[in-house]
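Asks: So I've got this file, run.txt, and it contains compact mmCIF, C-alpha atoms and all ligand atoms:
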# COMPACT_ATOMS: atom_id res chain seq x y z
CA MET L 1 -15.63 -0.02 -11.59
CA THR L 2 -13.02 -0.02 -14.34
CA HIS L 3 -13.74 2.45 -17.12
CA VAL L 4 -11.81 1.86 -20.33
CA THR L 5 -11.84 4.16 -23.36
CA GLN L 6 -11.44 1.99 -26.45
CA VAL L 7 -9.53 3.29 -29.47
CA ASP L 8 -8.90 1.59 -32.82
CA GLY L 9 -5.52 0.05 -33.62
CA PRO L 10 -2.47 -0.27 -31.37
CA THR L 11 -2.32 2.26 -28.56
CA ASP L 12 0.71 4.40 -27.80
CA SER L 13 -0.06 5.00 -24.16
CA VAL L 14 -2.04 3.43 -21.35
CA THR L 15 -2.98 4.89 -17.97
CA ALA L 16 -3.65 2.78 -14.90
CA ARG L 17 -4.68 3.90 -11.47
CA VAL L 18 -3.84 2.07 -8.30
CA PRO L 19 -4.92 2.36 -4.68
CA ALA L 20 -3.03 2.73 -1.42
CA LYS L 21 -3.41 0.06 1.25
CA VAL L 22 -4.08 0.06 4.95
CA ASN L 23 -3.28 -3.03 7.03
CA LEU L 24 -6.27 -4.00 9.19
CA GLN L 25 -4.04 -6.54 10.91
CA LEU L 26 -0.26 -6.71 10.72
CA SER L 27 1.25 -9.51 12.78
CA VAL L 28 5.01 -9.85 12.56
CA GLY L 29 6.86 -13.08 13.40
CA PRO L 30 10.43 -13.32 14.69
CA LEU L 31 13.36 -12.20 12.54
CA ARG L 32 14.30 -15.02 10.13
CA GLU L 33 17.87 -15.92 9.26
CA ASP L 34 17.44 -14.40 5.79
CA GLY L 35 16.60 -11.03 7.40
CA TYR L 36 12.87 -11.20 6.63
CA HIS L 37 9.93 -11.72 8.98
CA ASP L 38 6.99 -14.02 8.45
CA LEU L 39 3.83 -11.95 8.38
CA VAL L 40 0.14 -12.46 8.66
CA THR L 41 -1.61 -9.36 7.43
CA VAL L 42 -5.04 -8.27 6.31
CA PHE L 43 -4.69 -5.81 3.45
CA HIS L 44 -7.42 -3.32 2.62
CA ALA L 45 -7.26 -1.19 -0.55
CA VAL L 46 -8.54 2.38 -0.08
CA SER L 47 -9.58 5.13 -2.50
CA LEU L 48 -6.36 7.14 -2.47
CA PHE L 49 -4.90 6.60 -5.91
CA ASP L 50 -1.67 7.10 -7.83
CA GLU L 51 -1.95 7.25 -11.62
CA VAL L 52 0.66 5.85 -13.95
CA THR L 53 0.80 6.47 -17.72
CA VAL L 54 3.13 4.36 -19.87
CA THR L 55 3.96 5.51 -23.41
CA ARG L 56 5.96 3.63 -26.03
CA ALA L 57 9.55 4.91 -26.17
CA ASP L 58 12.99 3.81 -27.37
CA ARG L 59 14.28 3.60 -23.85
CA THR L 60 12.70 3.46 -20.41
CA SER L 61 12.48 6.63 -18.32
CA VAL L 62 10.37 7.88 -15.44
CA LEU L 63 8.88 11.21 -14.41
CA VAL L 64 7.21 11.73 -11.02
CA THR L 65 4.87 14.57 -10.09
CA GLY L 66 2.57 15.24 -7.16
CA GLU L 67 2.65 14.34 -3.46
CA GLY L 68 6.24 13.62 -2.36
CA GLY L 69 7.45 13.45 -5.98
CA PRO L 70 10.92 14.91 -5.34
CA ALA L 71 11.64 12.11 -2.80
CA VAL L 72 11.14 9.37 -5.35
CA PRO L 73 14.21 7.95 -7.15
CA LEU L 74 14.17 8.55 -10.92
CA GLY L 75 16.59 5.88 -12.05
CA PRO L 76 16.56 2.09 -12.03
CA ALA L 77 15.75 2.12 -8.28
CA ASN L 78 12.25 3.35 -9.06
CA LEU L 79 9.89 0.46 -8.50
CA ALA L 80 7.84 1.38 -11.58
CA VAL L 81 10.96 1.19 -13.76
CA ARG L 82 11.86 -2.16 -12.21
CA ALA L 83 8.33 -3.37 -12.94
CA ALA L 84 8.52 -2.38 -16.63
CA VAL L 85 11.93 -4.03 -17.00
CA ALA L 86 10.75 -7.19 -15.23
CA LEU L 87 7.64 -7.50 -17.41
CA ALA L 88 9.63 -6.88 -20.61
CA ARG L 89 12.08 -9.61 -19.57
CA ALA L 90 9.39 -12.07 -18.54
CA THR L 91 7.62 -11.68 -21.89
CA GLY L 92 10.76 -11.74 -24.05
CA ARG L 93 10.57 -8.15 -25.29
CA ARG L 94 14.09 -7.34 -26.37
CA GLY L 95 15.71 -4.97 -28.81
CA ARG L 96 15.45 -1.24 -29.38
CA GLY L 97 12.07 0.12 -28.40
CA ALA L 98 10.51 -3.31 -27.79
CA GLY L 99 10.47 -3.01 -24.01
CA GLY L 100 10.97 0.75 -23.68
CA VAL L 101 8.38 2.96 -22.01
CA LYS L 102 8.17 6.49 -20.76
CA ILE L 103 6.57 6.17 -17.30
CA GLU L 104 4.74 9.17 -15.85
CA ILE L 105 3.66 8.79 -12.22
CA ARG L 106 1.17 11.21 -10.70
CA LYS L 107 1.41 10.64 -6.97
CA ARG L 108 -1.33 11.22 -4.45
CA ILE L 109 -0.10 8.46 -2.15
CA PRO L 110 2.57 9.99 0.11
CA VAL L 111 6.05 8.46 -0.07
CA ALA L 112 7.47 6.30 2.76
CA ALA L 113 4.13 6.58 4.54
CA GLY L 114 3.18 2.95 5.22
CA LEU L 115 0.63 3.07 2.39
CA ALA L 116 2.71 1.03 -0.10
CA GLY L 117 2.85 3.81 -2.69
CA GLY L 118 5.99 2.50 -4.39
CA SER L 119 4.51 -0.99 -4.63
CA ALA L 120 1.32 0.56 -5.99
CA ASP L 121 3.26 2.29 -8.78
CA ALA L 122 4.96 -1.00 -9.64
CA ALA L 123 1.58 -2.74 -9.80
CA ALA L 124 0.08 0.01 -11.99
CA THR L 125 3.08 -0.21 -14.34
CA LEU L 126 2.70 -4.00 -14.66
CA VAL L 127 -1.01 -3.65 -15.46
CA ALA L 128 -0.49 -0.72 -17.86
CA CYS L 129 2.43 -2.34 -19.75
CA ASN L 130 0.53 -5.64 -19.95
CA ASP L 131 -2.17 -3.69 -21.78
CA LEU L 132 0.15 -1.47 -23.85
CA TRP L 133 2.20 -4.40 -25.13
CA GLN L 134 -0.87 -6.67 -25.39
CA VAL L 135 1.06 -9.48 -23.73
CA GLY L 136 -2.08 -10.86 -22.07
CA LEU L 137 -0.62 -12.03 -18.77
CA SER L 138 -3.20 -13.07 -16.17
CA GLN L 139 -3.58 -11.29 -12.84
CA ALA L 140 -1.89 -14.28 -11.16
CA GLU L 141 1.09 -14.01 -13.55
CA LEU L 142 1.41 -10.27 -12.90
CA CYS L 143 1.34 -11.00 -9.16
CA GLU L 144 4.14 -13.53 -9.58
CA ILE L 145 6.35 -10.96 -11.33
CA GLY L 146 5.29 -8.33 -8.78
CA ALA L 147 6.26 -10.47 -5.77
CA ASP L 148 9.91 -10.31 -6.87
CA LEU L 149 9.73 -6.49 -6.85
CA GLY L 150 8.25 -6.08 -3.37
CA SER L 151 6.04 -8.00 -0.98
CA ASP L 152 3.15 -5.49 -1.22
CA VAL L 153 3.06 -5.47 -5.05
CA PRO L 154 0.77 -8.50 -5.53
CA PHE L 155 -1.87 -6.97 -3.26
CA ALA L 156 -1.73 -3.68 -5.18
CA VAL L 157 -2.49 -5.68 -8.34
CA VAL L 158 -5.43 -7.48 -6.73
CA GLY L 159 -6.93 -4.89 -4.34
CA GLY L 160 -10.07 -5.40 -2.25
CA ILE L 161 -9.46 -7.07 1.09
CA ALA L 162 -7.04 -10.00 1.24
CA VAL L 163 -4.99 -11.96 3.73
CA GLY L 164 -1.24 -11.87 3.08
CA ARG L 165 1.13 -14.51 4.40
CA GLY L 166 4.82 -15.25 3.91
CA ARG L 167 6.38 -11.83 3.39
CA GLY L 168 2.85 -10.54 2.69
CA ASP L 169 3.03 -11.66 -0.93
CA VAL L 170 1.12 -14.95 -0.61
CA LEU L 171 -2.47 -13.80 -0.91
CA THR L 172 -5.85 -15.34 -0.24
CA PRO L 173 -9.03 -13.32 -0.74
CA ALA L 174 -10.88 -12.45 2.47
CA LEU L 175 -14.61 -12.96 2.83
CA ALA L 176 -15.63 -9.44 3.70
CA ALA L 177 -18.75 -7.31 3.44
CA GLY L 178 -19.49 -3.64 3.83
CA ASN L 179 -17.78 -0.35 3.10
CA TYR L 180 -15.29 1.27 5.40
CA HIS L 181 -14.71 5.00 5.65
CA TRP L 182 -11.32 6.29 6.78
CA ALA L 183 -9.54 9.47 7.70
CA LEU L 184 -5.86 9.20 6.81
CA ALA L 185 -3.47 11.52 8.66
CA PHE L 186 -0.06 11.99 7.04
CA GLY L 187 3.08 12.44 9.15
CA GLN L 188 5.55 15.32 8.92
CA ALA L 189 8.34 13.04 7.67
CA GLY L 190 8.51 9.55 6.17
CA LEU L 191 9.62 6.40 7.95
CA SER L 192 11.91 3.79 6.43
CA THR L 193 10.20 0.40 6.48
CA ALA L 194 13.53 -1.36 7.13
CA GLU L 195 14.29 0.89 10.10
CA VAL L 196 10.82 0.35 11.58
CA TYR L 197 11.28 -3.45 11.40
CA ALA L 198 14.75 -3.14 12.96
CA THR L 199 13.32 -1.00 15.78
CA CYS L 200 10.53 -3.54 16.30
CA ASP L 201 13.15 -6.33 16.66
CA ARG L 202 15.17 -4.23 19.12
CA LEU L 203 12.14 -3.29 21.27
CA ARG L 204 11.05 -6.93 21.37
CA ALA L 205 14.54 -8.18 22.31
CA ARG L 206 14.78 -5.60 25.08
CA ALA L 207 11.34 -6.49 26.47
CA THR L 208 12.16 -10.21 26.35
CA ALA L 209 15.52 -9.67 28.08
CA ALA L 210 13.75 -7.65 30.80
CA GLY L 211 11.30 -10.53 31.29
CA ASN L 212 8.38 -8.39 30.09
CA ARG L 213 7.37 -10.46 27.10
CA ALA L 214 7.82 -13.92 25.63
CA PRO L 215 9.84 -14.10 22.40
CA ALA L 216 7.69 -13.39 19.33
CA GLY L 217 5.91 -16.50 18.09
CA GLU L 218 4.53 -17.39 14.67
CA PRO L 219 1.92 -14.85 13.58
CA THR L 220 -1.71 -15.99 13.32
CA LEU L 221 -4.76 -14.56 11.63
CA SER L 222 -7.24 -12.83 13.95
CA THR L 223 -10.44 -14.88 13.90
CA PRO L 224 -12.51 -12.11 15.55
CA LEU L 225 -11.36 -9.60 12.91
CA MET L 226 -12.29 -11.96 10.08
CA ALA L 227 -15.74 -12.53 11.65
CA ALA L 228 -16.25 -8.76 11.98
CA LEU L 229 -15.27 -8.28 8.31
CA ARG L 230 -17.69 -11.01 7.25
CA ALA L 231 -20.40 -9.19 9.22
CA GLY L 232 -19.41 -5.96 7.44
CA ASP L 233 -19.73 -3.98 10.65
CA PRO L 234 -17.22 -1.12 11.10
CA ALA L 235 -18.14 -0.83 14.81
CA GLN L 236 -16.96 -4.41 15.31
CA VAL L 237 -13.91 -4.01 13.08
CA GLY L 238 -12.63 -0.82 14.74
CA PRO L 239 -11.46 -2.22 18.10
CA LEU L 240 -9.94 -5.27 16.36
CA LEU L 241 -7.47 -3.33 14.18
CA SER L 242 -3.92 -4.33 15.16
CA ASN L 243 -0.38 -3.58 14.07
CA ASP L 244 2.74 -5.16 15.60
CA LEU L 245 4.86 -2.38 14.03
CA GLN L 246 2.97 0.38 15.82
CA PRO L 247 5.14 0.49 18.99
CA ALA L 248 8.24 0.84 16.80
CA ALA L 249 6.69 3.58 14.64
CA LEU L 250 5.54 5.43 17.79
CA SER L 251 8.99 5.20 19.36
CA MET L 252 10.50 6.70 16.19
CA GLN L 253 7.86 9.42 15.83
CA PRO L 254 6.33 9.99 19.33
CA GLU L 255 4.12 12.80 17.97
CA LEU L 256 1.97 10.14 16.27
CA ARG L 257 0.53 9.35 19.72
CA ARG L 258 -1.16 12.73 19.71
CA ALA L 259 -2.75 12.14 16.31
CA LEU L 260 -4.04 8.71 17.38
CA ALA L 261 -5.45 10.12 20.64
CA GLU L 262 -7.14 13.06 18.89
CA GLY L 263 -8.74 10.76 16.30
CA ARG L 264 -10.14 8.61 19.10
CA ASP L 265 -11.44 11.75 20.83
CA TYR L 266 -13.29 12.61 17.62
CA GLY L 267 -15.10 9.29 17.87
CA ALA L 268 -13.05 7.10 15.51
CA LEU L 269 -14.15 3.46 15.79
CA GLY L 270 -10.51 2.43 15.52
CA ALA L 271 -7.20 4.31 15.27
CA ILE L 272 -4.02 2.70 14.04
CA VAL L 273 -0.65 3.33 12.41
CA SER L 274 -0.82 2.05 8.83
CA GLY L 275 1.85 -0.55 8.06
CA SER L 276 5.28 0.80 8.95
CA GLY L 277 3.83 4.31 9.36
CA PRO L 278 3.81 7.17 9.88
CA THR L 279 0.32 7.51 8.32
CA CYS L 280 -2.39 7.06 10.96
CA ALA L 281 -5.68 5.52 9.80
CA PHE L 282 -8.94 6.26 11.59
CA LEU L 283 -11.99 4.10 10.93
CA ALA L 284 -15.05 6.35 10.88
CA LYS L 285 -18.80 5.79 11.26
CA GLY L 286 -19.45 7.03 7.72
CA ALA L 287 -18.19 9.36 4.97
CA ALA L 288 -19.19 12.58 6.79
CA HIS L 289 -17.56 11.40 10.02
CA ALA L 290 -14.36 10.55 8.12
CA ARG L 291 -14.31 14.07 6.66
CA ASP L 292 -14.87 15.60 10.11
CA ILE L 293 -11.99 13.63 11.62
CA ALA L 294 -9.70 14.62 8.71
CA VAL L 295 -10.62 18.30 9.05
CA ALA L 296 -10.20 18.23 12.85
CA LEU L 297 -6.78 16.58 12.69
CA THR L 298 -5.54 18.97 10.01
CA SER L 299 -6.72 22.08 11.83
CA SER L 300 -5.39 20.98 15.23
CA GLY L 301 -1.92 20.51 13.70
CA ALA L 302 -1.75 16.88 14.88
CA CYS L 303 -0.57 15.89 11.40
CA ARG L 304 0.90 17.46 8.25
CA ALA L 305 -2.28 16.88 6.25
CA ALA L 306 -5.24 14.54 6.27
CA THR L 307 -7.74 13.21 3.77
CA ARG L 308 -10.61 10.80 3.69
CA ALA L 309 -10.81 7.58 1.75
CA SER L 310 -13.01 4.51 1.61
CA GLY L 311 -12.58 0.88 0.78
CA PRO L 312 -12.42 -1.77 -0.31
CA VAL L 313 -11.61 -0.70 -3.89
CA PRO L 314 -10.21 -2.82 -6.76
CA GLY L 315 -6.48 -3.08 -7.40
CA ALA L 316 -4.49 -1.56 -10.28
CA SER L 317 -6.69 -1.14 -13.35
CA VAL L 318 -6.50 0.48 -16.76
CA VAL L 319 -8.47 3.71 -16.95
CA LYS L 320 -7.46 5.02 -20.35
CA ALA L 321 -5.77 3.89 -23.54
CA GLY L 322 -4.79 6.47 -26.15
CA ALA L 323 -3.42 6.41 -29.69
P1 LIG Y 1 5.98 -0.15 2.29
O1 LIG Y 1 5.48 -0.76 1.00
O2 LIG Y 1 7.26 -0.76 2.73
O3 LIG Y 1 4.93 0.02 3.36
P2 LIG Y 1 5.91 2.69 2.20
O4 LIG Y 1 4.50 2.77 1.80
O5 LIG Y 1 6.23 3.03 3.62
O6 LIG Y 1 6.48 1.28 1.87
P3 LIG Y 1 6.79 3.83 -0.28
O7 LIG Y 1 6.00 5.05 -0.59
O8 LIG Y 1 6.48 2.59 -1.03
O9 LIG Y 1 6.78 3.58 1.29
O10 LIG Y 1 8.33 4.23 -0.46
C1 LIG Y 1 9.39 3.49 0.08
C2 LIG Y 1 10.66 3.90 -0.66
O11 LIG Y 1 10.62 3.31 -1.96
C3 LIG Y 1 10.82 5.38 -0.88
O12 LIG Y 1 11.57 5.97 0.14
C4 LIG Y 1 11.49 5.49 -2.23
O13 LIG Y 1 12.89 5.71 -2.10
C5 LIG Y 1 11.34 4.11 -2.87
N1 LIG Y 1 10.60 4.13 -4.15
C6 LIG Y 1 10.98 3.53 -5.27
N2 LIG Y 1 10.08 3.72 -6.25
C7 LIG Y 1 9.10 4.45 -5.74
C8 LIG Y 1 7.88 4.97 -6.27
N3 LIG Y 1 7.50 4.77 -7.54
N4 LIG Y 1 7.10 5.69 -5.44
C9 LIG Y 1 7.46 5.88 -4.15
N5 LIG Y 1 8.61 5.44 -3.61
C10 LIG Y 1 9.42 4.71 -4.39
Please, can you express the file's structure as structure tokens?
Replies:
Amino acid sequence: MTHVTQVDGPTDSVTARVPAKVNLQLSVGPLREDGYHDLVTVFHAVSLFDEVTVTRADRTSVLVTGEGGPAVPLGPANLAVRAAVALARATGRRGRGAGGVKIEIRKRIPVAAGLAGGSADAAATLVACNDLWQVGLSQAELCEIGADLGSDVPFAVVGGIAVGRGRGDVLTPALAAGNYHWALAFGQAGLSTAEVYATCDRLRARATAAGNRAPAGEPTLSTPLMAALRAGDPAQVGPLLSNDLQPAALSMQPELRRALAEGRDYGALGAIVSGSGPTCAFLAKGAAHARDIAVALTSSGACRAATRASGPVPGASVVKAGA
């Protein structure tokens, strides 16, 4: 639930929080001529949040603290900065101070982890600046601006559970019931999304050349997964989790196999690499089971760190406005 503290008059700063995502299905089509892949994915927003505060300023700047902070670019390459600039442009805010914001990002979502943390920060910045500047764009309009920044940004604005098509940016809400409890195991080092896709293409080409698999076809939505989500039954959902990028992520970080196997040994209903990895997501029977899996994986050394989270949760939302 969104909790907003109201203050009188124009506010000087706004804080938004935004969840990470796990892909319940990630089906990747063949490489297109423009270098992208058509995707069919089922996004699921989970309760691991970054927080972004935007404060009026003469010029735009960014400060990043928390999990993986030093790995995040501080200049115009930062997705949150790009989001603020894009929203200022789209709403005609020009001139000294008009579109300037100091952006403070408090990260809990690890960087380059397959959890869309950068996209999440962009989404939080769009939502926070929309509120700070009182420009009144709709969620759909924010998603449209977000899609130009990254294919996961619209989902981070919307949250919940949604089907993504195209590059993942064309969203339709999914009919889903129930709550899902997860243990999330973080890898020792990040993985570059572009390199994981390139490895996926190479592995597929090699398997096709060796006669071991047909060339990748157009991705399709898993009907059994959607039925399991409608039923709201984690025991049905677990075995139906799928990720076409997983073989590539495992070939780049073979130690992830151990984490996945250990999570299954601890009774996870499903165990999968999240997005382009290296985070491994384990669907648990409940909150206590998720905590047990996270503790077991951390203490066995199968991952750098682990936490529990649950979903679905709403997308980027304002939590605080201050004078
Ligand atoms: P994807 O959305 O492709 O799954 P990811 O979750 O694997 O991405 P991110 O945490 O989004 O990875 O980071 C990908 C890269 O984006 C980082 O290596 C970093 O250089 C860059 N980046 C730009 N802005 C940010 C930001 N605000 N937070 C994190 N990374 C950012």
Asks: Env of segment 156-162 of chain L: 7 Å cut, atoms = all atoms listed in the file, seq-sep filter 2 positions within chain, self excluded. Answer as an NGL selection string.
Replies: :L and (18-19 or 42-45 or 119-120 or 123 or 143 or 152-154 or 164 or 171-174 or 312-316)
Asks: Any chance you can output those residues with C-alpha atoms as a PDB file, in the frame of the given file?
Replies:
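selection-v7.pdb written:
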ATOM      1  CA  VAL L  18      -3.840   2.070  -8.300  1.00  0.00           C
ATOM      2  CA  PRO L  19      -4.920   2.360  -4.680  1.00  0.00           C
ATOM      3  CA  VAL L  42      -5.040  -8.270   6.310  1.00  0.00           C
ATOM      4  CA  PHE L  43      -4.690  -5.810   3.450  1.00  0.00           C
ATOM      5  CA  HIS L  44      -7.420  -3.320   2.620  1.00  0.00           C
ATOM      6  CA  ALA L  45      -7.260  -1.190  -0.550  1.00  0.00           C
ATOM      7  CA  SER L 119       4.510  -0.990  -4.630  1.00  0.00           C
ATOM      8  CA  ALA L 120       1.320   0.560  -5.990  1.00  0.00           C
ATOM      9  CA  ALA L 123       1.580  -2.740  -9.800  1.00  0.00           C
ATOM     10  CA  CYS L 143       1.340 -11.000  -9.160  1.00  0.00           C
ATOM     11  CA  ASP L 152       3.150  -5.490  -1.220  1.00  0.00           C
ATOM     12  CA  VAL L 153       3.060  -5.470  -5.050  1.00  0.00           C
ATOM     13  CA  PRO L 154       0.770  -8.500  -5.530  1.00  0.00           C
ATOM     14  CA  GLY L 164      -1.240 -11.870   3.080  1.00  0.00           C
ATOM     15  CA  LEU L 171      -2.470 -13.800  -0.910  1.00  0.00           C
ATOM     16  CA  THR L 172      -5.850 -15.340  -0.240  1.00  0.00           C
ATOM     17  CA  PRO L 173      -9.030 -13.320  -0.740  1.00  0.00           C
ATOM     18  CA  ALA L 174     -10.880 -12.450   2.470  1.00  0.00           C
ATOM     19  CA  PRO L 312     -12.420  -1.770  -0.310  1.00  0.00           C
ATOM     20  CA  VAL L 313     -11.610  -0.700  -3.890  1.00  0.00           C
ATOM     21  CA  PRO L 314     -10.210  -2.820  -6.760  1.00  0.00           C
ATOM     22  CA  GLY L 315      -6.480  -3.080  -7.400  1.00  0.00           C
ATOM     23  CA  ALA L 316      -4.490  -1.560 -10.280  1.00  0.00           C
TER      24      ALA L 316
END
Asks: Using all atoms listed in the file, find each residue with an atom at most 8 Å away from ligand LIG 1 (chain Y) and format the answer as a count of residues only.
Replies: 39
Asks: Kindly provide the residues of segment 62-143 of chain L that approach segment 12-15 of chain L to within 12 Å, each paired with its closest atom pair and their distance in Å to one decimal, based on all atoms listed in the file, listed by chain and increasing number, as JSON lines.
Replies:
{"residue": "L:Gly100", "atom": "CA", "partner": "L:Asp12", "partner_atom": "CA", "distance": 11.6}
{"residue": "L:Val101", "atom": "CA", "partner": "L:Ser13", "partner_atom": "CA", "distance": 8.9}
{"residue": "L:Lys102", "atom": "CA", "partner": "L:Ser13", "partner_atom": "CA", "distance": 9.0}
{"residue": "L:Ile103", "atom": "CA", "partner": "L:Ser13", "partner_atom": "CA", "distance": 9.6}
{"residue": "L:Glu104", "atom": "CA", "partner": "L:Thr15", "partner_atom": "CA", "distance": 9.1}
{"residue": "L:Ile105", "atom": "CA", "partner": "L:Thr15", "partner_atom": "CA", "distance": 9.6}
{"residue": "L:Arg106", "atom": "CA", "partner": "L:Thr15", "partner_atom": "CA", "distance": 10.5}
{"residue": "L:Asp121", "atom": "CA", "partner": "L:Thr15", "partner_atom": "CA", "distance": 11.4}
{"residue": "L:Ala124", "atom": "CA", "partner": "L:Thr15", "partner_atom": "CA", "distance": 8.3}
{"residue": "L:Thr125", "atom": "CA", "partner": "L:Thr15", "partner_atom": "CA", "distance": 8.7}
{"residue": "L:Leu126", "atom": "CA", "partner": "L:Thr15", "partner_atom": "CA", "distance": 11.1}
{"residue": "L:Val127", "atom": "CA", "partner": "L:Thr15", "partner_atom": "CA", "distance": 9.1}
{"residue": "L:Ala128", "atom": "CA", "partner": "L:Val14", "partner_atom": "CA", "distance": 5.6}
{"residue": "L:Cys129", "atom": "CA", "partner": "L:Val14", "partner_atom": "CA", "distance": 7.5}
{"residue": "L:Asn130", "atom": "CA", "partner": "L:Val14", "partner_atom": "CA", "distance": 9.5}
{"residue": "L:Asp131", "atom": "CA", "partner": "L:Val14", "partner_atom": "CA", "distance": 7.1}
{"residue": "L:Leu132", "atom": "CA", "partner": "L:Val14", "partner_atom": "CA", "distance": 5.9}
{"residue": "L:Trp133", "atom": "CA", "partner": "L:Asp12", "partner_atom": "CA", "distance": 9.3}
{"residue": "L:Gln134", "atom": "CA", "partner": "L:Val14", "partner_atom": "CA", "distance": 10.9}
Asks: How would the residues just picked look written out with C-alpha atoms as a PDB file, in the frame of the given file?
Replies:
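Result went into result_30.pdb, see below:
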ATOM      1  CA  GLY L 100      10.970   0.750 -23.680  1.00  0.00           C
ATOM      2  CA  VAL L 101       8.380   2.960 -22.010  1.00  0.00           C
ATOM      3  CA  LYS L 102       8.170   6.490 -20.760  1.00  0.00           C
ATOM      4  CA  ILE L 103       6.570   6.170 -17.300  1.00  0.00           C
ATOM      5  CA  GLU L 104       4.740   9.170 -15.850  1.00  0.00           C
ATOM      6  CA  ILE L 105       3.660   8.790 -12.220  1.00  0.00           C
ATOM      7  CA  ARG L 106       1.170  11.210 -10.700  1.00  0.00           C
ATOM      8  CA  ASP L 121       3.260   2.290  -8.780  1.00  0.00           C
ATOM      9  CA  ALA L 124       0.080   0.010 -11.990  1.00  0.00           C
ATOM     10  CA  THR L 125       3.080  -0.210 -14.340  1.00  0.00           C
ATOM     11  CA  LEU L 126       2.700  -4.000 -14.660  1.00  0.00           C
ATOM     12  CA  VAL L 127      -1.010  -3.650 -15.460  1.00  0.00           C
ATOM     13  CA  ALA L 128      -0.490  -0.720 -17.860  1.00  0.00           C
ATOM     14  CA  CYS L 129       2.430  -2.340 -19.750  1.00  0.00           C
ATOM     15  CA  ASN L 130       0.530  -5.640 -19.950  1.00  0.00           C
ATOM     16  CA  ASP L 131      -2.170  -3.690 -21.780  1.00  0.00           C
ATOM     17  CA  LEU L 132       0.150  -1.470 -23.850  1.00  0.00           C
ATOM     18  CA  TRP L 133       2.200  -4.400 -25.130  1.00  0.00           C
ATOM     19  CA  GLN L 134      -0.870  -6.670 -25.390  1.00  0.00           C
TER      20      GLN L 134
END
Asks: Enter the distance from atom CA of Leu24 of chain L to atom CA of Arg264 of chain L, in Å, rounded to one decimal.
Replies: 16.5 Å
Asks: Name the closest residue to Arg304 of chain L among the candidates L:Gly178, L:Gly238, L:Pro30, L:Gly187; distances are taken between atoms, counting all atoms listed in the file.
Replies: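 Among L:Gly178, L:Gly238, L:Pro30, L:Gly187, it is L:Gly187 that comes nearest to Arg304 of chain L.
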Asks: When you draw a straight line from atom CA of Leu39 of chain L to atom CA of Thr208 of chain L, how long is it in Å?
Replies: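 Pair atom CA of Leu39 of chain L / atom CA of Thr208 of chain L returns 19.9 Å.
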Asks: Do you have the atom CA of Ala284 of chain L-atom CA of Pro247 of chain L distance handy?
Replies: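 Interatomic distance here is 22.5 Å.
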Asks: Taking all atoms listed in the file into account, which of L:Ala147, L:Ala259, L:Leu225, L:Ile272 comes nearest Thr298 of chain L?
Replies: L:Ala259
Asks: Could you give me, as CSV, every segment 109-228 of chain L residue with an atom at most 9 Å from segment 90-93 of chain L, plus its closest atom pair and distance in Å to one decimal, counting all atoms listed in the file, rows ordered by chain then number?
Replies:
residue,atom,partner,partner_atom,distance
L:Val135,CA,L:Thr91,CA,7.2
L:Leu137,CA,L:Thr91,CA,8.8
L:Ile145,CA,L:Ala90,CA,7.9
Asks: Find, counting all atoms listed in the file, the residue in L:Leu48, L:Ala57, L:Leu241, L:Cys200 that gets nearest to Arg108 of chain L.
Replies: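 Distance minimum relative to Arg108 of chain L lands on L:Leu48.
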Asks: When you count only C-alpha atoms, which of these residues is closest to Gln188 of chain L: L:Ser242, L:Thr279, L:Asn212, L:Thr223?
Replies: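 Going through L:Ser242, L:Thr279, L:Asn212, L:Thr223 one by one, the smallest distance to Gln188 of chain L is for L:Thr279.
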Asks: Of the residues L:Lys21, L:Arg32, L:Arg89, L:Arg56, which is the one nearest to Ser310 of chain L, using only C-alpha atoms?
Replies: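 So, comparing all the options, the nearest one is L:Lys21.
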Asks: Taking all atoms of segment 267-278 of chain L that appear in the file, build a box with edges along x, y and z, extend it by 6 Å on every side, and state its centre and edge lengths in Å to one decimal, as lines of an AutoDock Vina configuration file.
Replies:
center_x = -4.9
center_y = 4.4
center_z = 13.0
size_x = 32.4
size_y = 21.8
size_z = 21.8
Asks: Could you check the closest approach to Gly311 of chain L for each of L:Pro234, L:Pro215, L:Gly267, L:Pro76 and tell me which residue wins, using all atoms listed in the file?
Replies: L:Pro234
